[in-house]
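Trainee: Enclosed is the structure file coords01.cif (mmCIF, N, CA and C atoms).
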data_my_file
#
loop_
_atom_site.label_atom_id
_atom_site.label_comp_id
_atom_site.auth_asym_id
_atom_site.auth_seq_id
_atom_site.Cartn_x
_atom_site.Cartn_y
_atom_site.Cartn_z
N MET M 1 -53.65 1.29 -35.43
CA MET M 1 -54.97 1.26 -34.83
C MET M 1 -55.25 -0.13 -34.29
N GLU M 2 -55.73 -0.21 -33.06
CA GLU M 2 -55.99 -1.49 -32.43
C GLU M 2 -57.29 -2.08 -32.92
N GLN M 3 -57.27 -3.37 -33.27
CA GLN M 3 -58.43 -4.07 -33.77
C GLN M 3 -59.39 -4.39 -32.63
N GLU M 4 -60.70 -4.25 -32.89
CA GLU M 4 -61.73 -4.50 -31.88
C GLU M 4 -61.74 -5.96 -31.43
N GLY M 5 -61.75 -6.88 -32.38
CA GLY M 5 -61.80 -8.29 -32.06
C GLY M 5 -61.13 -9.09 -33.16
N VAL M 6 -60.89 -10.33 -32.88
CA VAL M 6 -60.24 -11.19 -33.86
C VAL M 6 -60.99 -12.52 -33.87
N THR M 7 -61.09 -13.12 -35.04
CA THR M 7 -61.79 -14.40 -35.15
C THR M 7 -60.80 -15.55 -34.99
N LEU M 8 -61.32 -16.70 -34.69
CA LEU M 8 -60.47 -17.90 -34.63
C LEU M 8 -59.87 -18.18 -36.00
N GLU M 9 -60.62 -17.90 -37.04
CA GLU M 9 -60.12 -18.11 -38.40
C GLU M 9 -58.92 -17.22 -38.69
N GLU M 10 -58.98 -15.97 -38.25
CA GLU M 10 -57.84 -15.06 -38.43
C GLU M 10 -56.62 -15.55 -37.66
N LEU M 11 -56.83 -15.99 -36.42
CA LEU M 11 -55.72 -16.52 -35.63
C LEU M 11 -55.13 -17.76 -36.30
N LYS M 12 -56.01 -18.64 -36.79
CA LYS M 12 -55.55 -19.86 -37.45
C LYS M 12 -54.66 -19.53 -38.64
N LYS M 13 -55.09 -18.58 -39.47
CA LYS M 13 -54.30 -18.20 -40.64
C LYS M 13 -52.98 -17.56 -40.24
N LYS M 14 -53.02 -16.67 -39.26
CA LYS M 14 -51.79 -16.01 -38.81
C LYS M 14 -50.80 -17.04 -38.24
N MET M 15 -51.31 -18.00 -37.48
CA MET M 15 -50.43 -19.04 -36.92
C MET M 15 -49.84 -19.91 -38.03
N ALA M 16 -50.67 -20.26 -39.02
CA ALA M 16 -50.18 -21.08 -40.13
C ALA M 16 -49.11 -20.32 -40.91
N ASP M 17 -49.34 -19.05 -41.18
CA ASP M 17 -48.36 -18.23 -41.90
C ASP M 17 -47.07 -18.08 -41.10
N PHE M 18 -47.22 -17.85 -39.80
CA PHE M 18 -46.08 -17.69 -38.90
C PHE M 18 -45.20 -18.95 -38.94
N ALA M 19 -45.84 -20.12 -38.84
CA ALA M 19 -45.09 -21.38 -38.84
C ALA M 19 -44.45 -21.64 -40.21
N LYS M 20 -45.19 -21.35 -41.27
CA LYS M 20 -44.67 -21.60 -42.62
C LYS M 20 -43.45 -20.73 -42.91
N GLU M 21 -43.52 -19.45 -42.55
CA GLU M 21 -42.39 -18.53 -42.77
C GLU M 21 -41.13 -19.02 -42.09
N ARG M 22 -41.26 -19.72 -41.00
CA ARG M 22 -40.11 -20.18 -40.21
C ARG M 22 -39.77 -21.65 -40.47
N ASP M 23 -40.50 -22.27 -41.39
CA ASP M 23 -40.33 -23.70 -41.70
C ASP M 23 -40.52 -24.55 -40.44
N TRP M 24 -41.54 -24.22 -39.67
CA TRP M 24 -41.81 -24.95 -38.43
C TRP M 24 -42.91 -26.01 -38.58
N ASP M 25 -43.53 -26.08 -39.74
CA ASP M 25 -44.58 -27.10 -39.92
C ASP M 25 -44.06 -28.50 -39.60
N GLN M 26 -42.80 -28.72 -39.91
CA GLN M 26 -42.20 -30.04 -39.67
C GLN M 26 -42.21 -30.42 -38.18
N PHE M 27 -42.28 -29.42 -37.32
CA PHE M 27 -42.27 -29.69 -35.87
C PHE M 27 -43.67 -29.68 -35.26
N HIS M 28 -44.65 -29.22 -36.02
CA HIS M 28 -45.99 -29.02 -35.47
C HIS M 28 -46.87 -30.26 -35.62
N SER M 29 -46.43 -31.33 -35.03
CA SER M 29 -47.27 -32.53 -34.97
C SER M 29 -48.29 -32.31 -33.85
N PRO M 30 -49.41 -33.02 -33.89
CA PRO M 30 -50.38 -32.87 -32.80
C PRO M 30 -49.75 -33.09 -31.42
N ARG M 31 -48.92 -34.11 -31.30
CA ARG M 31 -48.29 -34.40 -30.01
C ARG M 31 -47.42 -33.24 -29.54
N ASN M 32 -46.57 -32.73 -30.43
CA ASN M 32 -45.68 -31.64 -30.05
C ASN M 32 -46.45 -30.39 -29.66
N LEU M 33 -47.49 -30.08 -30.41
CA LEU M 33 -48.30 -28.91 -30.10
C LEU M 33 -49.02 -29.06 -28.76
N LEU M 34 -49.54 -30.25 -28.53
CA LEU M 34 -50.22 -30.51 -27.25
C LEU M 34 -49.25 -30.35 -26.08
N LEU M 35 -48.07 -30.93 -26.20
CA LEU M 35 -47.10 -30.83 -25.11
C LEU M 35 -46.64 -29.40 -24.90
N ALA M 36 -46.49 -28.64 -25.98
CA ALA M 36 -46.12 -27.24 -25.86
C ALA M 36 -47.24 -26.46 -25.15
N MET M 37 -48.49 -26.77 -25.50
CA MET M 37 -49.62 -26.10 -24.87
C MET M 37 -49.69 -26.43 -23.38
N VAL M 38 -49.46 -27.67 -23.03
CA VAL M 38 -49.47 -28.07 -21.63
C VAL M 38 -48.39 -27.31 -20.86
N GLY M 39 -47.24 -27.14 -21.47
CA GLY M 39 -46.17 -26.35 -20.85
C GLY M 39 -46.62 -24.92 -20.60
N GLU M 40 -47.33 -24.35 -21.56
CA GLU M 40 -47.83 -22.98 -21.41
C GLU M 40 -48.92 -22.90 -20.34
N VAL M 41 -49.75 -23.93 -20.23
CA VAL M 41 -50.75 -23.97 -19.16
C VAL M 41 -50.04 -23.98 -17.81
N GLY M 42 -48.92 -24.68 -17.73
CA GLY M 42 -48.12 -24.68 -16.50
C GLY M 42 -47.61 -23.29 -16.17
N GLU M 43 -47.14 -22.57 -17.18
CA GLU M 43 -46.67 -21.20 -16.95
C GLU M 43 -47.82 -20.29 -16.52
N LEU M 44 -48.98 -20.50 -17.11
CA LEU M 44 -50.18 -19.75 -16.72
C LEU M 44 -50.55 -20.05 -15.27
N SER M 45 -50.46 -21.29 -14.90
CA SER M 45 -50.78 -21.70 -13.52
C SER M 45 -49.85 -21.06 -12.51
N GLU M 46 -48.58 -20.92 -12.88
CA GLU M 46 -47.61 -20.32 -11.96
C GLU M 46 -47.98 -18.89 -11.56
N ILE M 47 -48.66 -18.19 -12.46
CA ILE M 47 -49.06 -16.81 -12.16
C ILE M 47 -50.01 -16.77 -10.97
N PHE M 48 -50.88 -17.78 -10.87
CA PHE M 48 -51.88 -17.82 -9.80
C PHE M 48 -51.42 -18.60 -8.58
N GLN M 49 -50.34 -19.36 -8.75
CA GLN M 49 -49.86 -20.17 -7.64
C GLN M 49 -49.53 -19.29 -6.44
N TRP M 50 -49.98 -19.71 -5.29
CA TRP M 50 -49.73 -19.06 -4.00
C TRP M 50 -50.50 -17.75 -3.80
N LYS M 51 -51.39 -17.40 -4.70
CA LYS M 51 -52.14 -16.16 -4.54
C LYS M 51 -53.48 -16.38 -3.83
N GLY M 52 -53.86 -17.62 -3.60
CA GLY M 52 -55.17 -17.87 -3.02
C GLY M 52 -56.25 -17.57 -4.05
N GLU M 53 -57.47 -17.41 -3.57
CA GLU M 53 -58.57 -17.09 -4.48
C GLU M 53 -58.40 -15.66 -4.98
N VAL M 54 -58.57 -15.47 -6.27
CA VAL M 54 -58.37 -14.16 -6.89
C VAL M 54 -59.72 -13.66 -7.39
N PRO M 55 -60.14 -12.45 -6.96
CA PRO M 55 -61.43 -11.94 -7.42
C PRO M 55 -61.41 -11.51 -8.89
N ARG M 56 -62.59 -11.47 -9.48
CA ARG M 56 -62.74 -11.01 -10.86
C ARG M 56 -62.15 -9.61 -11.02
N GLY M 57 -61.58 -9.39 -12.19
CA GLY M 57 -61.00 -8.09 -12.47
C GLY M 57 -59.59 -7.91 -11.94
N LEU M 58 -59.16 -8.85 -11.11
CA LEU M 58 -57.80 -8.85 -10.55
C LEU M 58 -57.44 -7.55 -9.83
N PRO M 59 -58.31 -7.11 -8.90
CA PRO M 59 -57.98 -5.88 -8.17
C PRO M 59 -56.68 -6.04 -7.39
N GLY M 60 -55.90 -5.00 -7.39
CA GLY M 60 -54.63 -5.03 -6.68
C GLY M 60 -53.47 -5.58 -7.49
N TRP M 61 -53.75 -6.10 -8.68
CA TRP M 61 -52.67 -6.61 -9.52
C TRP M 61 -52.01 -5.44 -10.25
N GLU M 62 -50.70 -5.50 -10.37
CA GLU M 62 -49.95 -4.49 -11.11
C GLU M 62 -50.20 -4.68 -12.62
N ASP M 63 -50.01 -3.61 -13.37
CA ASP M 63 -50.18 -3.68 -14.82
C ASP M 63 -49.25 -4.72 -15.44
N GLU M 64 -48.04 -4.83 -14.89
CA GLU M 64 -47.08 -5.80 -15.42
C GLU M 64 -47.59 -7.23 -15.22
N GLU M 65 -48.23 -7.47 -14.06
CA GLU M 65 -48.78 -8.80 -13.80
C GLU M 65 -49.91 -9.14 -14.77
N LYS M 66 -50.76 -8.16 -15.03
CA LYS M 66 -51.86 -8.38 -15.97
C LYS M 66 -51.34 -8.58 -17.39
N GLN M 67 -50.30 -7.86 -17.75
CA GLN M 67 -49.71 -8.02 -19.07
C GLN M 67 -49.12 -9.43 -19.21
N HIS M 68 -48.41 -9.87 -18.18
CA HIS M 68 -47.83 -11.21 -18.19
C HIS M 68 -48.94 -12.26 -18.30
N LEU M 69 -50.02 -12.06 -17.56
CA LEU M 69 -51.17 -12.98 -17.63
C LEU M 69 -51.70 -13.03 -19.06
N GLY M 70 -51.84 -11.87 -19.69
CA GLY M 70 -52.32 -11.83 -21.07
C GLY M 70 -51.41 -12.58 -22.03
N GLU M 71 -50.12 -12.47 -21.81
CA GLU M 71 -49.15 -13.18 -22.66
C GLU M 71 -49.28 -14.69 -22.51
N GLU M 72 -49.41 -15.14 -21.27
CA GLU M 72 -49.52 -16.60 -21.05
C GLU M 72 -50.87 -17.14 -21.54
N LEU M 73 -51.95 -16.39 -21.33
CA LEU M 73 -53.25 -16.79 -21.88
C LEU M 73 -53.17 -16.88 -23.40
N SER M 74 -52.49 -15.93 -24.00
CA SER M 74 -52.34 -15.91 -25.46
C SER M 74 -51.54 -17.11 -25.94
N ASP M 75 -50.48 -17.47 -25.23
CA ASP M 75 -49.71 -18.65 -25.62
C ASP M 75 -50.59 -19.89 -25.64
N VAL M 76 -51.41 -20.06 -24.62
CA VAL M 76 -52.30 -21.23 -24.55
C VAL M 76 -53.28 -21.20 -25.72
N LEU M 77 -53.90 -20.04 -25.95
CA LEU M 77 -54.87 -19.92 -27.04
C LEU M 77 -54.23 -20.20 -28.39
N LEU M 78 -53.06 -19.64 -28.63
CA LEU M 78 -52.43 -19.81 -29.93
C LEU M 78 -52.05 -21.27 -30.18
N TYR M 79 -51.55 -21.95 -29.17
CA TYR M 79 -51.25 -23.38 -29.35
C TYR M 79 -52.54 -24.18 -29.56
N LEU M 80 -53.60 -23.82 -28.88
CA LEU M 80 -54.88 -24.52 -29.05
C LEU M 80 -55.42 -24.33 -30.46
N VAL M 81 -55.35 -23.11 -30.95
CA VAL M 81 -55.81 -22.82 -32.32
C VAL M 81 -54.96 -23.58 -33.33
N ARG M 82 -53.67 -23.58 -33.13
CA ARG M 82 -52.77 -24.29 -34.05
C ARG M 82 -53.02 -25.79 -34.00
N LEU M 83 -53.18 -26.35 -32.81
CA LEU M 83 -53.45 -27.77 -32.66
C LEU M 83 -54.76 -28.15 -33.36
N SER M 84 -55.78 -27.36 -33.18
CA SER M 84 -57.06 -27.67 -33.82
C SER M 84 -56.92 -27.62 -35.35
N ASP M 85 -56.14 -26.67 -35.85
CA ASP M 85 -55.92 -26.56 -37.29
C ASP M 85 -55.19 -27.79 -37.81
N ILE M 86 -54.12 -28.16 -37.15
CA ILE M 86 -53.32 -29.32 -37.58
C ILE M 86 -54.15 -30.61 -37.53
N CYS M 87 -55.07 -30.68 -36.58
CA CYS M 87 -55.92 -31.88 -36.44
C CYS M 87 -57.17 -31.82 -37.32
N GLY M 88 -57.37 -30.70 -38.01
CA GLY M 88 -58.53 -30.59 -38.88
C GLY M 88 -59.84 -30.40 -38.15
N VAL M 89 -59.78 -29.80 -36.97
CA VAL M 89 -60.98 -29.56 -36.18
C VAL M 89 -61.34 -28.08 -36.27
N ASP M 90 -62.59 -27.80 -36.63
CA ASP M 90 -63.08 -26.43 -36.63
C ASP M 90 -63.38 -26.08 -35.17
N LEU M 91 -62.47 -25.36 -34.55
CA LEU M 91 -62.56 -25.10 -33.11
C LEU M 91 -63.82 -24.31 -32.75
N GLY M 92 -64.17 -23.34 -33.55
CA GLY M 92 -65.38 -22.56 -33.27
C GLY M 92 -66.62 -23.43 -33.28
N LYS M 93 -66.78 -24.25 -34.31
CA LYS M 93 -67.93 -25.14 -34.41
C LYS M 93 -67.92 -26.17 -33.28
N ALA M 94 -66.74 -26.70 -32.98
CA ALA M 94 -66.63 -27.70 -31.91
C ALA M 94 -67.02 -27.08 -30.56
N ALA M 95 -66.60 -25.83 -30.33
CA ALA M 95 -66.92 -25.16 -29.06
C ALA M 95 -68.42 -24.91 -28.95
N LEU M 96 -69.04 -24.46 -30.05
CA LEU M 96 -70.49 -24.23 -30.02
C LEU M 96 -71.25 -25.53 -29.80
N ARG M 97 -70.80 -26.61 -30.44
CA ARG M 97 -71.45 -27.91 -30.25
C ARG M 97 -71.31 -28.36 -28.80
N LYS M 98 -70.13 -28.16 -28.23
CA LYS M 98 -69.91 -28.55 -26.83
C LYS M 98 -70.80 -27.75 -25.89
N MET M 99 -70.99 -26.48 -26.19
CA MET M 99 -71.88 -25.66 -25.36
C MET M 99 -73.32 -26.17 -25.45
N GLU M 100 -73.73 -26.58 -26.65
CA GLU M 100 -75.07 -27.15 -26.81
C GLU M 100 -75.21 -28.43 -26.00
N LEU M 101 -74.20 -29.28 -26.05
CA LEU M 101 -74.22 -30.53 -25.28
C LEU M 101 -74.26 -30.24 -23.78
N ASN M 102 -73.47 -29.25 -23.34
CA ASN M 102 -73.47 -28.89 -21.92
C ASN M 102 -74.82 -28.32 -21.48
N ALA M 103 -75.50 -27.60 -22.38
CA ALA M 103 -76.82 -27.06 -22.05
C ALA M 103 -77.82 -28.19 -21.81
N ILE M 104 -77.67 -29.27 -22.56
CA ILE M 104 -78.52 -30.45 -22.37
C ILE M 104 -78.12 -31.17 -21.09
N LYS M 105 -76.83 -31.33 -20.89
CA LYS M 105 -76.30 -32.04 -19.73
C LYS M 105 -76.58 -31.30 -18.43
N TYR M 106 -76.58 -29.97 -18.48
CA TYR M 106 -76.77 -29.14 -17.29
C TYR M 106 -77.94 -28.18 -17.49
N PRO M 107 -79.17 -28.71 -17.46
CA PRO M 107 -80.33 -27.82 -17.65
C PRO M 107 -80.44 -26.81 -16.50
N VAL M 108 -80.81 -25.60 -16.86
CA VAL M 108 -80.88 -24.50 -15.89
C VAL M 108 -81.74 -24.89 -14.69
N LYS M 109 -82.88 -25.50 -14.92
CA LYS M 109 -83.81 -25.80 -13.81
C LYS M 109 -83.21 -26.76 -12.79
N LEU M 110 -82.23 -27.57 -13.20
CA LEU M 110 -81.63 -28.52 -12.27
C LEU M 110 -80.31 -28.05 -11.66
N CYS M 111 -79.63 -27.16 -12.33
CA CYS M 111 -78.28 -26.86 -11.86
C CYS M 111 -77.99 -25.38 -11.61
N LYS M 112 -78.98 -24.52 -11.77
CA LYS M 112 -78.74 -23.09 -11.57
C LYS M 112 -78.21 -22.83 -10.17
N GLY M 113 -77.08 -22.13 -10.10
CA GLY M 113 -76.47 -21.78 -8.81
C GLY M 113 -75.75 -22.91 -8.13
N SER M 114 -75.60 -24.05 -8.80
CA SER M 114 -74.95 -25.22 -8.19
C SER M 114 -73.69 -25.57 -8.95
N SER M 115 -72.68 -26.02 -8.22
CA SER M 115 -71.46 -26.48 -8.88
C SER M 115 -71.37 -28.01 -8.89
N LYS M 116 -72.49 -28.66 -8.58
CA LYS M 116 -72.49 -30.13 -8.58
C LYS M 116 -72.28 -30.66 -9.99
N LYS M 117 -71.70 -31.85 -10.05
CA LYS M 117 -71.52 -32.52 -11.32
C LYS M 117 -72.86 -33.08 -11.78
N GLN M 118 -72.94 -33.37 -13.06
CA GLN M 118 -74.16 -33.88 -13.65
C GLN M 118 -74.69 -35.09 -12.89
N THR M 119 -73.81 -36.00 -12.54
CA THR M 119 -74.24 -37.23 -11.87
C THR M 119 -74.78 -36.96 -10.47
N GLN M 120 -74.45 -35.82 -9.89
CA GLN M 120 -74.93 -35.49 -8.55
C GLN M 120 -76.31 -34.86 -8.56
N PHE M 121 -76.66 -34.15 -9.59
CA PHE M 121 -77.96 -33.50 -9.56
C PHE M 121 -79.05 -34.24 -10.29
N ASN M 122 -78.70 -35.24 -11.11
CA ASN M 122 -79.77 -35.97 -11.78
C ASN M 122 -79.93 -37.39 -11.25
N GLY M 123 -79.12 -37.75 -10.25
CA GLY M 123 -79.24 -39.06 -9.64
C GLY M 123 -78.69 -40.18 -10.49
N ASP M 124 -78.11 -39.85 -11.63
CA ASP M 124 -77.56 -40.86 -12.52
C ASP M 124 -76.24 -41.37 -11.95
N SER M 125 -76.01 -42.66 -12.03
CA SER M 125 -74.75 -43.22 -11.54
C SER M 125 -73.94 -43.74 -12.71
N GLY M 126 -74.16 -43.16 -13.90
CA GLY M 126 -73.47 -43.61 -15.10
C GLY M 126 -72.04 -43.12 -15.15
N ASP M 127 -71.51 -43.11 -16.34
CA ASP M 127 -70.13 -42.75 -16.59
C ASP M 127 -69.85 -41.31 -16.18
N THR M 128 -68.81 -41.12 -15.40
CA THR M 128 -68.45 -39.78 -14.95
C THR M 128 -67.18 -39.27 -15.64
N ALA M 129 -66.77 -39.96 -16.70
CA ALA M 129 -65.51 -39.58 -17.36
C ALA M 129 -65.60 -38.21 -18.01
N ASP M 130 -66.80 -37.81 -18.46
CA ASP M 130 -66.94 -36.53 -19.15
C ASP M 130 -67.92 -35.65 -18.40
N THR M 131 -67.48 -35.13 -17.27
CA THR M 131 -68.39 -34.31 -16.45
C THR M 131 -67.92 -32.89 -16.33
N ASP M 132 -67.13 -32.42 -17.30
CA ASP M 132 -66.72 -31.03 -17.22
C ASP M 132 -67.95 -30.15 -17.36
N GLN M 133 -67.96 -29.06 -16.60
CA GLN M 133 -69.14 -28.24 -16.53
C GLN M 133 -69.03 -26.97 -17.34
N GLY M 134 -67.87 -26.67 -17.84
CA GLY M 134 -67.71 -25.48 -18.64
C GLY M 134 -67.76 -24.19 -17.85
N HIS M 135 -67.53 -24.26 -16.53
CA HIS M 135 -67.48 -23.03 -15.74
C HIS M 135 -66.32 -23.00 -14.82
#
Turn this file's structure into structure tokens for me.

Mentor:
Amino acid sequence: MEQEGVTLEELKKKMADFAKERDWDQFHSPRNLLLAMVGEVGELSEIFQWKGEVPRGLPGWEDEEKQHLGEELSDVLLYLVRLSDICGVDLGKAALRKMELNAIKYPVKLCKGSSKKQTQFNGDSGDTADTDQGH
């Protein structure tokens, strides 16, 4: 029977068990996990390379293409979950906190319907190092 949803905690435990059973903990340093995840992001990017803009729902994509996409997305997620575990970061809590910070950084009244960066819509000329918009 297929499970409805899975928690980050369940994924974290499954990944830890998977690595332990194979004696892979010795290889799962933060650096190694990060580099492995970056490699998987590259594989994910290759799926979209040369396709131009792709509409939501991926109309016209074959089932095999969507399955491959799911596999590569999963690889990225699993490495991210494992990296956060090894680094002692509660990924769920960190993500919720980041969303709260982004809600402050990008108030609806100033940025609704706009893809401008924070520094462009509030007139601030401060540090632009952390201007990810979460969309």

Trainee: One number please: CA of Leu77 in chain M to CA of Glu53 in chain M, in Å, one decimal.

Mentor: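 For CA of Leu77 in chain M relative to CA of Glu53 in chain M, the distance reads 23.0 Å.
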
Trainee: Distance atom N of Glu4 in chain M-atom C of Ser84 in chain M, one decimal place?

Mentor: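 Computing it gives 23.8 Å between the two atoms.
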
Trainee: Excluding range 10-26 of chain M and residues on its chain fewer than 4 positions from it, collect all residues at most 8 Å away from it, counting only C-alpha atoms, and give them as a JSON list (two decimals) with N, CA and C atoms, keeping the file's coordinate frame.

Mentor:
[["chain", "number", "residue", "atom", "x", "y", "z"],
["M", 6, "VAL", "N", -60.89, -10.33, -32.88],
["M", 6, "VAL", "CA", -60.24, -11.19, -33.86],
["M", 6, "VAL", "C", -60.99, -12.52, -33.87],
["M", 78, "LEU", "N", -53.06, -19.64, -28.63],
["M", 78, "LEU", "CA", -52.43, -19.81, -29.93],
["M", 78, "LEU", "C", -52.05, -21.27, -30.18],
["M", 81, "VAL", "N", -55.35, -23.11, -30.95],
["M", 81, "VAL", "CA", -55.81, -22.82, -32.32],
["M", 81, "VAL", "C", -54.96, -23.58, -33.33],
["M", 82, "ARG", "N", -53.67, -23.58, -33.13],
["M", 82, "ARG", "CA", -52.77, -24.29, -34.05],
["M", 82, "ARG", "C", -53.02, -25.79, -34.00],
["M", 85, "ASP", "N", -56.14, -26.67, -35.85],
["M", 85, "ASP", "CA", -55.92, -26.56, -37.29],
["M", 85, "ASP", "C", -55.19, -27.79, -37.81]]

Trainee: To test the calculation: enclose all listed atoms of range 84-88 of chain M in a box whose edges run along x, y and z, add 5 Å on each side, then state centre and edge lengths in Å to one decimal, as JSON.

Mentor:
{"center_x": -56.6, "center_y": -29.2, "center_z": -36.0, "size_x": 16.5, "size_y": 15.3, "size_z": 15.7}

Trainee: What separation in Å, quoted to one decimal, exists between CA of Cys111 in chain M and atom C of Lys98 in chain M?

Mentor: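 These two atoms are separated by 15.9 Å.
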
Trainee: Considering only alpha helix (DSSP H) as DSSP defines it on the backbone, what residues of chain M qualify? List them as a VMD selection string.

Mentor: chain M and resid 8 to 21 30 to 48 63 to 87 91 to 105 108 to 111 118 to 121

Trainee: As an mmCIF file, in the frame of the given file, please: range 20-39 of chain M completed to N, CA, C and O atoms.

Mentor:
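Listing of result-v6.cif after writing:
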data_model
loop_
_atom_site.group_PDB
_atom_site.id
_atom_site.type_symbol
_atom_site.label_atom_id
_atom_site.label_comp_id
_atom_site.auth_asym_id
_atom_site.auth_seq_id
_atom_site.Cartn_x
_atom_site.Cartn_y
_atom_site.Cartn_z
ATOM 1 N N LYS M 20 -45.190 -21.350 -41.270
ATOM 2 C CA LYS M 20 -44.670 -21.600 -42.620
ATOM 3 C C LYS M 20 -43.450 -20.730 -42.910
ATOM 4 O O LYS M 20 -42.449 -21.205 -43.465
ATOM 5 N N GLU M 21 -43.520 -19.450 -42.550
ATOM 6 C CA GLU M 21 -42.390 -18.530 -42.770
ATOM 7 C C GLU M 21 -41.130 -19.020 -42.090
ATOM 8 O O GLU M 21 -40.021 -18.752 -42.543
ATOM 9 N N ARG M 22 -41.260 -19.720 -41.000
ATOM 10 C CA ARG M 22 -40.110 -20.180 -40.210
ATOM 11 C C ARG M 22 -39.770 -21.650 -40.470
ATOM 12 O O ARG M 22 -38.894 -22.203 -39.824
ATOM 13 N N ASP M 23 -40.500 -22.270 -41.390
ATOM 14 C CA ASP M 23 -40.330 -23.700 -41.700
ATOM 15 C C ASP M 23 -40.520 -24.550 -40.440
ATOM 16 O O ASP M 23 -39.750 -25.482 -40.185
ATOM 17 N N TRP M 24 -41.540 -24.220 -39.670
ATOM 18 C CA TRP M 24 -41.810 -24.950 -38.430
ATOM 19 C C TRP M 24 -42.910 -26.010 -38.580
ATOM 20 O O TRP M 24 -43.177 -26.749 -37.637
ATOM 21 N N ASP M 25 -43.530 -26.080 -39.740
ATOM 22 C CA ASP M 25 -44.580 -27.100 -39.920
ATOM 23 C C ASP M 25 -44.060 -28.500 -39.600
ATOM 24 O O ASP M 25 -44.789 -29.325 -39.064
ATOM 25 N N GLN M 26 -42.800 -28.720 -39.910
ATOM 26 C CA GLN M 26 -42.200 -30.040 -39.670
ATOM 27 C C GLN M 26 -42.210 -30.420 -38.180
ATOM 28 O O GLN M 26 -42.167 -31.596 -37.831
ATOM 29 N N PHE M 27 -42.280 -29.420 -37.320
ATOM 30 C CA PHE M 27 -42.270 -29.690 -35.870
ATOM 31 C C PHE M 27 -43.670 -29.680 -35.260
ATOM 32 O O PHE M 27 -43.834 -30.040 -34.101
ATOM 33 N N HIS M 28 -44.650 -29.220 -36.020
ATOM 34 C CA HIS M 28 -45.990 -29.020 -35.470
ATOM 35 C C HIS M 28 -46.870 -30.260 -35.620
ATOM 36 O O HIS M 28 -47.941 -30.210 -36.219
ATOM 37 N N SER M 29 -46.430 -31.330 -35.030
ATOM 38 C CA SER M 29 -47.270 -32.530 -34.970
ATOM 39 C C SER M 29 -48.290 -32.310 -33.850
ATOM 40 O O SER M 29 -48.065 -31.501 -32.940
ATOM 41 N N PRO M 30 -49.410 -33.020 -33.890
ATOM 42 C CA PRO M 30 -50.380 -32.870 -32.800
ATOM 43 C C PRO M 30 -49.750 -33.090 -31.420
ATOM 44 O O PRO M 30 -49.992 -32.312 -30.494
ATOM 45 N N ARG M 31 -48.920 -34.110 -31.300
ATOM 46 C CA ARG M 31 -48.290 -34.400 -30.010
ATOM 47 C C ARG M 31 -47.420 -33.240 -29.540
ATOM 48 O O ARG M 31 -47.504 -32.809 -28.392
ATOM 49 N N ASN M 32 -46.570 -32.730 -30.430
ATOM 50 C CA ASN M 32 -45.680 -31.640 -30.050
ATOM 51 C C ASN M 32 -46.450 -30.390 -29.660
ATOM 52 O O ASN M 32 -46.099 -29.695 -28.702
ATOM 53 N N LEU M 33 -47.490 -30.080 -30.410
ATOM 54 C CA LEU M 33 -48.300 -28.910 -30.100
ATOM 55 C C LEU M 33 -49.020 -29.060 -28.760
ATOM 56 O O LEU M 33 -49.088 -28.124 -27.972
ATOM 57 N N LEU M 34 -49.540 -30.250 -28.530
ATOM 58 C CA LEU M 34 -50.220 -30.510 -27.250
ATOM 59 C C LEU M 34 -49.250 -30.350 -26.080
ATOM 60 O O LEU M 34 -49.561 -29.679 -25.085
ATOM 61 N N LEU M 35 -48.070 -30.930 -26.200
ATOM 62 C CA LEU M 35 -47.100 -30.830 -25.110
ATOM 63 C C LEU M 35 -46.640 -29.400 -24.900
ATOM 64 O O LEU M 35 -46.462 -28.953 -23.754
ATOM 65 N N ALA M 36 -46.490 -28.640 -25.980
ATOM 66 C CA ALA M 36 -46.120 -27.240 -25.860
ATOM 67 C C ALA M 36 -47.240 -26.460 -25.150
ATOM 68 O O ALA M 36 -46.973 -25.617 -24.290
ATOM 69 N N MET M 37 -48.490 -26.770 -25.500
ATOM 70 C CA MET M 37 -49.620 -26.100 -24.870
ATOM 71 C C MET M 37 -49.690 -26.430 -23.380
ATOM 72 O O MET M 37 -49.936 -25.546 -22.549
ATOM 73 N N VAL M 38 -49.460 -27.670 -23.030
ATOM 74 C CA VAL M 38 -49.470 -28.070 -21.630
ATOM 75 C C VAL M 38 -48.390 -27.310 -20.860
ATOM 76 O O VAL M 38 -48.605 -26.861 -19.731
ATOM 77 N N GLY M 39 -47.240 -27.140 -21.470
ATOM 78 C CA GLY M 39 -46.170 -26.350 -20.850
ATOM 79 C C GLY M 39 -46.620 -24.920 -20.600
ATOM 80 O O GLY M 39 -46.352 -24.341 -19.542
#
